[in-house]
Amino acid sequence: MKNFISVKDVSDINALVAKALSYKSNSFADRNLGADKKIGLLFLNPSLRTRLSTQVAAKNLGLEAIIFNVDKEGWALEFEEGAIMSGTTVEHVKDAAPILGQYFDILCIRAFPTLNNKAEDYSELVMQSFIQFAGVPIVSLESATLHPLQSLTDIITIKESMNNSPLGDWGKPKIVLTWAPHIKPLPQCVANSFAQWINAWGEADFVITHPEDYELDEQFTKGAIITHNQNEALKDANFIYVKNWSTFTDYGRIYCNDPSWMLTPEKLIHTNNAKVMHCLPVRRNVELSDEILDGPNSLVTTQAGNRVWAAQAVLSEILNGK
Amino acid sequence: MKNFISVKDVSDINALVAKALSYKSNSFADRNLGADKKIGLLFLNPSLRTRLSTQVAAKNLGLEAIIFNVDKEGWALEFEEGAIMSGTTVEHVKDAAPILGQYFDILCIRAFPTLNNKAEDYSELVMQSFIQFAGVPIVSLESATLHPLQSLTDIITIKESMNNSPLGDWGKPKIVLTWAPHIKPLPQCVANSFAQWINAWGEADFVITHPEDYELDEQFTKGAIITHNQNEALKDANFIYVKNWSTFTDYGRIYCNDPSWMLTPEKLIHTNNAKVMHCLPVRRNVELSDEILDGPNSLVTTQAGNRVWAAQAVLSEILNGK
Amino acid sequence: MKNFISVKDVSDINALVAKALSYKSNSFADRNLGADKKIGLLFLNPSLRTRLSTQVAAKNLGLEAIIFNVDKEGWALEFEEGAIMSGTTVEHVKDAAPILGQYFDILCIRAFPTLNNKAEDYSELVMQSFIQFAGVPIVSLESATLHPLQSLTDIITIKESMNNSPLGDWGKPKIVLTWAPHIKPLPQCVANSFAQWINAWGEADFVITHPEDYELDEQFTKGAIITHNQNEALKDANFIYVKNWSTFTDYGRIYCNDPSWMLTPEKLIHTNNAKVMHCLPVRRNVELSDEILDGPNSLVTTQAGNRVWAAQAVLSEILNGK
């Protein structure tokens, strides 16, 4: 693996999942793989799970992880080609990226979308600039449109749940991605990425449900069944992925914020005793009810715990240069 | 030791002090005790000594310390059970704590009081929530009402000073905790905690002096002699602990801020050549005069240096699971 | 080397440059030199290259580097002797420095000038206070008036460029430091320091050019030819160092900000195919044109990469106590 920006960087999803689960049972199996190497973690935005799980994963591989909060410990970067830099940005990515590429063997970057400039966000300007100028492997810690470490974790968690189930042979699980209310306009990243990965994985019946006007970009959802009827979508589901996102077409807005879209225990009745997932942080009793999050169907803690093994598998593949 | 939240977590204060002093003379005696383990240091508030000394202590034990500035690198946590999270808090401790407990073997947390909500502060909501939900040992880096790493350091410093004294047998030293002026309403933590530890230790004559209206919570001070007459309190003192705190009864306020309570060299005359202590940071010439801080009776630098050995002893006990 | 605050701390510049270049070809040659030692990196201001390159250098020497963003993770320090601390500063350097000196074997500090108080800035109050009170070696990560790690990097880069040149024997290179426009009043540090080091090195013909009113402090420039005619200065130059600074005499101001001082390809015509240097971050198309920065004459990426080896050489000398 050279970079890890989207599912397209992965040649075999099931093999990567298997690698992650092997690290979960033997964290230090490759404890010297990253010896004498340094990984830079660049944050242009806040992070809890991604930040900490990637540091833990790096350490398990013998990598030295160095954190840099770009906006708080450094300054604002410029990404526009040919910019006359007489404004608020202090350093161009064309200058910063190749230097960071000299200091580090791998660069990991978190850069949220603007939610104002759809063309810029969907061109993945930040990630693509680092890929172009850094000269070392780039790992997304969540980008303008995708969150691949999260999606890998999600499939790890689904597979693990299926493996641990007493039900025996599953055939294809039914996986439902459902929109949920929120108080702020959020990126489409997690939803886009989950859709992209589940479609690429191809081992599930995949349904996406959301209110009108919340259509996601077809490049990611193509292959899924899409419906505005949440109850119909949830019927017989094995896994429900709950997530809010803002509108894509009329970009970055909140249209409907109907609280009846919040997942509650009653909605689980017609599912196949569905497990419930969320990438966290979650607004309790807005996106998901306490009853769900504190109940036996929730996988959210396991899912977040698996972030370590997802990151470790990805860093391992990059170190192996495969 | 399972957690380290207050003196009640310590079975033998003198043994813990001895362990700390043994690390002071041989820092790397247990250099592999924490091998392959990770300790998360979570800061909801600023910190200098606690932050850095705990990192140094962790490193001396072979522990990997990972810092997380919760409010600056992450976001605001919610602690209220059943909260409808449509406000400014982004993640509930019920979700964050068990995940952090998966990433780390030990969690250390700094969380100052609100100074607005006495009931919440004195219930130690933050620490108790982490104990309830994290599933790993919790170490206080200063909580709403207590600062046990500081108090352990204080007793280490007192014992060390007594051991090094040419005076020979001390009998019981006279220790005085005196209130000092300040420009801001400060927590009661350091004073509460010092009182709790000195009382639990039981090897001193312990006097607390402060202006009227600055009574501390009796659960911590019980056993000490309390007086509003500073000069009387200081008479024959061997150790003077200087600290400001805001009012407890009418919570979090500044009543009297009489500058005559500042400790100056004249006040040492009727002491037993008393050593002067302060947890730092100290407002020079407000809480304590330059003459005291720069003079031969000050222990503040030694005391702050001992923070490393206090933290190392506590982490060691927790790693040993004793 | 005891401290590293200015070129005066260096007994042999060429030997230090040679050491740095030897680390560039063999990064881990002294991988255990810093074993069991800790280095504290204190930032009172933002930093990218200095922060990250020093961390990488420390790691290469087996040193444990611990970062402390003084203003963001701690609080404001007081430096005035005798201050009555009833204002915004929370801790005096007289208290903080000796404690940090107990926690760390080496302290590295970044502290920009005020640009308001010339006497305070040019007395190097912060650095001198830490030297006076910390009791351990102090390394400047850029101070009020100087940036010695940058200047060492600059000479490393010049020497390396000369060594790699196919031109054979250089004799004395002509090095030109030229002022450039900027939108903000910047410190004189990098320019002062570059002048001080090139003069001390003594192996170049050294010219400084800037608009009227931008004279630098003579204590640093003495020995250089100084002219207000940029074109004349650049004639036959081998190396051009581009940097903005604010006025020194009428302190910290922007007088002329003439855009014609920006370095562009046309200005290279009458040079000796000069290499172009800048400490970064650079305001593209304000200080330097895209054509220069993206062209074959730019050394800026190499120069920034060499920050690692400069820091490693300095830390190594300090660890060796030479």
# chains A, B, ... in the order shown; residues from 1 in each chain; ligands from 1

call {"tool": "interface_residues", "arguments": {"of": "chain A", "to": "chain B", "cutoff": "8 Å", "atoms": "only C-alpha atoms", "output": "short mmCIF file (atom, residue, chain, number, x, y, z; two decimals) with N, CA and C atoms, in the first residue's frame"}}
result
data_model
loop_
_atom_site.label_atom_id
_atom_site.label_comp_id
_atom_site.auth_asym_id
_atom_site.auth_seq_id
_atom_site.Cartn_x
_atom_site.Cartn_y
_atom_site.Cartn_z
N ASN A 45 -7.73 19.69 12.51
CA ASN A 45 -9.02 19.71 13.21
C ASN A 45 -8.94 18.84 14.45
N PRO A 46 -9.92 18.98 15.36
CA PRO A 46 -9.91 18.17 16.58
C PRO A 46 -10.04 16.67 16.29
N SER A 47 -9.65 15.89 17.25
CA SER A 47 -9.70 14.43 17.10
C SER A 47 -9.51 13.78 18.45
N LEU A 48 -10.24 12.75 18.74
CA LEU A 48 -10.02 11.96 19.96
C LEU A 48 -9.59 10.55 19.56
N LEU A 52 -5.66 9.23 19.13
CA LEU A 52 -5.09 8.36 20.15
C LEU A 52 -4.89 6.94 19.63
N SER A 53 -5.84 6.43 18.85
CA SER A 53 -5.69 5.06 18.35
C SER A 53 -4.52 4.95 17.38
N GLN A 55 -1.79 6.80 17.48
CA GLN A 55 -0.57 6.81 18.30
C GLN A 55 -0.31 5.45 18.92
N VAL A 56 -1.37 4.82 19.43
CA VAL A 56 -1.20 3.50 20.04
C VAL A 56 -0.75 2.49 18.99
N ASN A 60 2.74 0.26 18.83
CA ASN A 60 2.75 -1.21 18.77
C ASN A 60 3.65 -1.74 17.66
N ASN A 69 -0.29 19.76 15.85
CA ASN A 69 -1.59 20.42 15.70
C ASN A 69 -1.37 21.66 14.83
N HIS A 182 -29.15 16.00 13.93
CA HIS A 182 -28.00 16.61 14.61
C HIS A 182 -28.28 18.11 14.69
N ILE A 183 -27.51 18.80 15.52
CA ILE A 183 -27.78 20.24 15.65
C ILE A 183 -26.88 21.08 14.76
N LEU A 280 -18.90 7.76 16.48
CA LEU A 280 -18.63 8.62 17.63
C LEU A 280 -17.77 9.83 17.20
N PRO A 281 -17.86 10.97 17.86
CA PRO A 281 -18.72 11.25 19.01
C PRO A 281 -20.19 11.27 18.62
N VAL A 282 -21.03 10.86 19.55
CA VAL A 282 -22.46 10.81 19.29
C VAL A 282 -23.20 11.77 20.24
N ARG A 283 -24.14 12.50 19.69
CA ARG A 283 -25.01 13.35 20.51
C ARG A 283 -26.13 12.47 21.06
N ARG A 284 -26.00 12.06 22.32
CA ARG A 284 -26.99 11.19 22.94
C ARG A 284 -28.36 11.86 22.98
N ASN A 285 -29.36 11.06 22.70
CA ASN A 285 -30.76 11.49 22.73
C ASN A 285 -31.07 12.55 21.67
N VAL A 286 -30.15 12.68 20.72
CA VAL A 286 -30.39 13.49 19.52
C VAL A 286 -30.23 12.57 18.30
N ASP A 290 -30.26 7.00 24.65
CA ASP A 290 -29.52 6.32 25.72
C ASP A 290 -29.82 4.82 25.72
N THR A 301 -18.73 0.87 21.40
CA THR A 301 -17.46 0.83 22.15
C THR A 301 -16.47 -0.13 21.49
N ALA A 304 -15.12 1.51 18.34
CA ALA A 304 -14.10 2.52 18.60
C ALA A 304 -12.80 1.88 19.07
N GLY A 305 -12.92 0.82 19.83
CA GLY A 305 -11.72 0.10 20.25
C GLY A 305 -10.97 -0.47 19.06
N VAL A 308 -7.76 1.05 16.83
CA VAL A 308 -6.32 0.75 16.98
C VAL A 308 -5.87 -0.27 15.94
#

call {"tool": "residues_around", "arguments": {"residues": "range 159-170 of chain A", "least_positions_apart": "3", "cutoff": "10 Å", "atoms": "only C-alpha atoms", "output": "list in words"}}
result
Asn14, Val17, Ala18, Leu21, Thr153, Asp154, Ile155, Ile156, Pro173, Lys174, Asn238, Phe239, Lys275, Leu299, Thr302, Gln303 and Asn306 of chain A

call {"tool": "write_last_selection", "arguments": {"atoms": "C-alpha atoms", "output": "PDB file, in the first residue's frame"}}
result
ATOM      1  CA  ASN A  14     -10.783  -9.091   3.681  1.00  0.00           C
ATOM      2  CA  VAL A  17      -9.478  -6.980   8.021  1.00  0.00           C
ATOM      3  CA  ALA A  18      -7.823 -10.296   8.853  1.00  0.00           C
ATOM      4  CA  LEU A  21      -7.945  -8.889  13.774  1.00  0.00           C
ATOM      5  CA  THR A 153     -12.852  -0.266  11.511  1.00  0.00           C
ATOM      6  CA  ASP A 154     -16.504  -0.611  10.656  1.00  0.00           C
ATOM      7  CA  ILE A 155     -15.972  -3.648   8.464  1.00  0.00           C
ATOM      8  CA  ILE A 156     -13.594  -5.153  11.038  1.00  0.00           C
ATOM      9  CA  PRO A 173     -25.850  -9.627   6.288  1.00  0.00           C
ATOM     10  CA  LYS A 174     -28.263  -6.767   5.752  1.00  0.00           C
ATOM     11  CA  ASN A 238     -28.485  -7.176  10.908  1.00  0.00           C
ATOM     12  CA  PHE A 239     -26.409  -4.019  11.291  1.00  0.00           C
ATOM     13  CA  LYS A 275     -26.446  -4.456  16.081  1.00  0.00           C
ATOM     14  CA  LEU A 299     -21.388  -2.050  19.137  1.00  0.00           C
ATOM     15  CA  THR A 302     -16.120  -2.254  20.395  1.00  0.00           C
ATOM     16  CA  GLN A 303     -16.104  -0.352  17.138  1.00  0.00           C
ATOM     17  CA  ASN A 306     -11.078  -1.491  16.863  1.00  0.00           C
TER      18      ASN A 306
END

call {"tool": "select_by_dssp", "arguments": {"residues": "range 67-243 of chain B", "states": "helix (DSSP H, G or I)", "output": "ChimeraX atom specification"}}
result
/B:70-73,93-103,118-122,125-134,148-164,189-201,218-221,230-234

call {"tool": "select_by_dssp", "arguments": {"residues": "range 18-234 of chain C", "states": "strand (DSSP E or B)", "output": "MDAnalysis selection string"}}
result
chainID C and resid 38:43 64:69 77:78 91:92 106:110 138:140 174:179 205:209 222 224:227
